[in-house]
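For reference, target_7.pdb (PDB, C-alpha atoms):
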```pdb
ATOM      1  CA  MET I 181       6.153 -13.155  14.159
ATOM      2  CA  GLY I 182       5.830 -10.745  11.275
ATOM      3  CA  TYR I 183       4.942  -7.139  10.676
ATOM      4  CA  VAL I 184       2.239  -5.323   8.773
ATOM      5  CA  MET I 185       2.669  -1.988   6.993
ATOM      6  CA  THR I 186      -0.372   0.042   6.048
ATOM      7  CA  TYR I 187      -0.569   3.209   3.968
ATOM      8  CA  GLU I 188      -3.055   5.868   4.964
ATOM      9  CA  SER I 189      -3.504   8.080   1.917
ATOM     10  CA  ALA I 190      -5.428  10.763   3.809
ATOM     11  CA  LYS I 191      -2.394  11.332   6.032
ATOM     12  CA  ASN I 192       0.182  10.270   3.393
ATOM     13  CA  GLU I 193       1.707   8.073   6.077
ATOM     14  CA  TYR I 194       3.025   4.515   6.350
ATOM     15  CA  ILE I 195       2.485   2.698   9.648
ATOM     16  CA  ILE I 196       4.353  -0.479  10.614
ATOM     17  CA  LYS I 197       2.868  -2.623  13.383
ATOM     18  CA  PRO I 198       3.468  -6.142  14.686
ATOM     19  CA  ALA I 199       1.147  -8.579  12.903
ATOM     20  CA  ASN I 200      -0.330  -9.824  16.177
ATOM     21  CA  GLU I 201      -1.833  -6.340  16.740
ATOM     22  CA  MET I 202      -3.823  -6.680  13.517
ATOM     23  CA  LYS I 203      -6.561  -9.260  13.965
ATOM     24  CA  SER I 204      -7.700  -9.166  10.329
ATOM     25  CA  ILE I 205      -4.327 -10.375   8.984
ATOM     26  CA  ASP I 206      -3.857 -14.053   8.108
ATOM     27  CA  LYS I 207      -0.474 -14.764   9.747
ATOM     28  CA  SER I 208       0.177 -17.684   7.378
ATOM     29  CA  LYS I 209       0.529 -15.160   4.514
ATOM     30  CA  ILE I 210       3.632 -13.609   6.115
ATOM     31  CA  GLY I 211       6.823 -14.897   4.478
ATOM     32  CA  GLU I 212      10.446 -13.834   4.198
ATOM     33  CA  GLU I 213       9.738 -11.499   1.284
ATOM     34  CA  VAL I 214       7.627  -8.376   1.629
ATOM     35  CA  ARG I 215       4.403  -8.829  -0.305
ATOM     36  CA  GLU I 216       1.173  -6.987  -0.823
ATOM     37  CA  TYR I 217      -1.572  -8.455   1.327
ATOM     38  CA  LYS I 218      -4.392  -6.186   0.200
ATOM     39  CA  GLN I 219      -4.523  -2.745  -1.339
ATOM     40  CA  ASN I 220      -2.270  -0.464   0.737
ATOM     41  CA  ILE I 221      -1.383  -3.307   3.147
ATOM     42  CA  TRP I 222       1.916  -5.206   3.020
ATOM     43  CA  VAL I 223       3.268  -8.002   5.211
ATOM     44  CA  GLY I 224       6.836  -9.078   5.950
ATOM     45  CA  LYS I 225       9.062 -10.760   8.518
ATOM     46  CA  SER I 226      11.017  -7.681   9.613
ATOM     47  CA  ARG I 227      10.521  -3.963  10.137
ATOM     48  CA  ASP I 228      13.656  -3.245   8.121
ATOM     49  CA  SER I 229      12.404  -5.066   5.040
ATOM     50  CA  LEU I 230       9.112  -3.171   5.257
ATOM     51  CA  ARG I 231      10.971   0.149   5.611
ATOM     52  CA  GLU I 232      13.017  -0.665   2.501
ATOM     53  CA  TYR I 233       9.843  -1.570   0.635
ATOM     54  CA  LYS I 234       8.254   1.701   1.785
ATOM     55  CA  ILE I 235      11.097   3.671   0.187
ATOM     56  CA  GLN I 236      10.729   1.674  -3.031
ATOM     57  CA  HIS I 237       6.947   2.169  -3.021
ATOM     58  CA  GLN I 238       7.325   5.922  -2.478
ATOM     59  CA  ALA I 239       9.749   6.134  -5.412
ATOM     60  CA  GLU I 240       7.293   4.231  -7.627
ATOM     61  CA  GLN I 241       4.462   6.551  -6.593
ATOM     62  CA  ILE I 242       6.563   9.652  -7.323
ATOM     63  CA  ALA I 243       7.480   8.279 -10.759
ATOM     64  CA  LYS I 244       3.817   7.546 -11.501
ATOM     65  CA  HIS I 245       2.801  11.075 -10.485
ATOM     66  CA  MET I 246       5.595  12.617 -12.558
ATOM     67  CA  LYS I 247       4.413  10.711 -15.654
ATOM     68  CA  ALA I 248       0.864  11.931 -15.045
ATOM     69  CA  ILE I 249       2.093  15.515 -14.703
ATOM     70  CA  GLU I 250       4.064  15.207 -17.958
ATOM     71  CA  ARG I 251       0.971  13.884 -19.779
ATOM     72  CA  ILE I 252      -1.112  16.789 -18.480
ATOM     73  CA  GLN I 253       1.569  19.282 -19.513
ATOM     74  CA  ARG I 254       1.786  17.814 -23.040
ATOM     75  CA  ARG I 255      -1.989  17.790 -23.390
ATOM     76  CA  THR I 256      -2.281  21.357 -22.128
ATOM     77  CA  LEU I 257       0.482  22.509 -24.463
ATOM     78  CA  SER I 258      -1.186  20.891 -27.484
ATOM     79  CA  GLU I 259      -4.541  22.439 -26.498
ATOM     80  CA  ILE I 260      -2.929  25.874 -26.303
ATOM     81  CA  LYS I 261      -1.310  25.387 -29.723
ATOM     82  CA  GLN I 262      -4.672  24.336 -31.192
ATOM     83  CA  GLN I 263      -6.430  27.378 -29.755
ATOM     84  CA  TYR I 264      -3.669  29.652 -31.024
ATOM     85  CA  ASN I 265      -3.829  28.139 -34.524
ATOM     86  CA  HIS I 266      -7.620  28.572 -34.653
ATOM     87  CA  ALA I 267      -7.492  32.196 -33.541
TER      88      ALA I 267
END
```
Mind converting the file's structure to structure tokens?
Amino acid sequence: MGYVMTYESAKNEYIIKPANEMKSIDKSKIGEEVREYKQNIWVGKSRDSLREYKIQHQAEQIAKHMKAIERIQRRTLSEIKQQYNHA
């Protein structure tokens, strides 16, 4: 038996359930390694491996958001400099 982890973005929450509770999951896709089944759905053999993957996924998401914030800050700063130079 394997487990399924889903991410609900509206609640910002990860939920891990036994695979047999999820009828839409193809059980043959569950292997030793955690892998993405569909967008925001991962499958794996153990709860622990899914929890570890959750931590890794959260870190990747934080890094992605930080890069986006830095891009916005740089763009905003250059826009302010342009406006100041044109004034």
Determine, using only C-alpha atoms, which residues of stretch 222-261 of chain I have any atom at most 7 Å from an atom of stretch 198-213 of chain I, and tabulate each with its shortest atom pair and distance in Å to one decimal place, rows ordered by chain and then rising number, as JSON lines.
```
{"residue": "I:Val223", "atom": "CA", "partner": "I:Ile210", "partner_atom": "CA", "distance": 5.7}
{"residue": "I:Gly224", "atom": "CA", "partner": "I:Ile210", "partner_atom": "CA", "distance": 5.6}
{"residue": "I:Lys225", "atom": "CA", "partner": "I:Glu212", "partner_atom": "CA", "distance": 5.5}
```
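Here atom CA of I:Asp228 stands at a distance of 11.6 Å from atom CA of I:Val184.
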> In terms of the shortest atom-to-atom distance over only C-alpha atoms, which of I:Thr256, I:Tyr187, I:Ala239, I:Gln262 is closest to I:Trp222?
Replying inline: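 Closest to I:Trp222 of all the choices is I:Tyr187.
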> Any idea what the distance is between atom CA of I:Gln238 and atom CA of I:Met185?
Replying inline: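 Separation between atom CA of I:Gln238 and atom CA of I:Met185: 13.2 Å.
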> Can you find the residues with an atom no farther than 9 Å from (9.3, -0.8, 7.1), counting all atoms listed in the file, and report them as a VMD selection string?
Replying inline: chain I and resid 183 to 185 194 to 196 224 226 to 235
> To one decimal place, how far is atom CA of I:Glu193 from atom CA of I:His237 in Å?
Replying inline: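 Those two atoms sit 12.0 Å apart.
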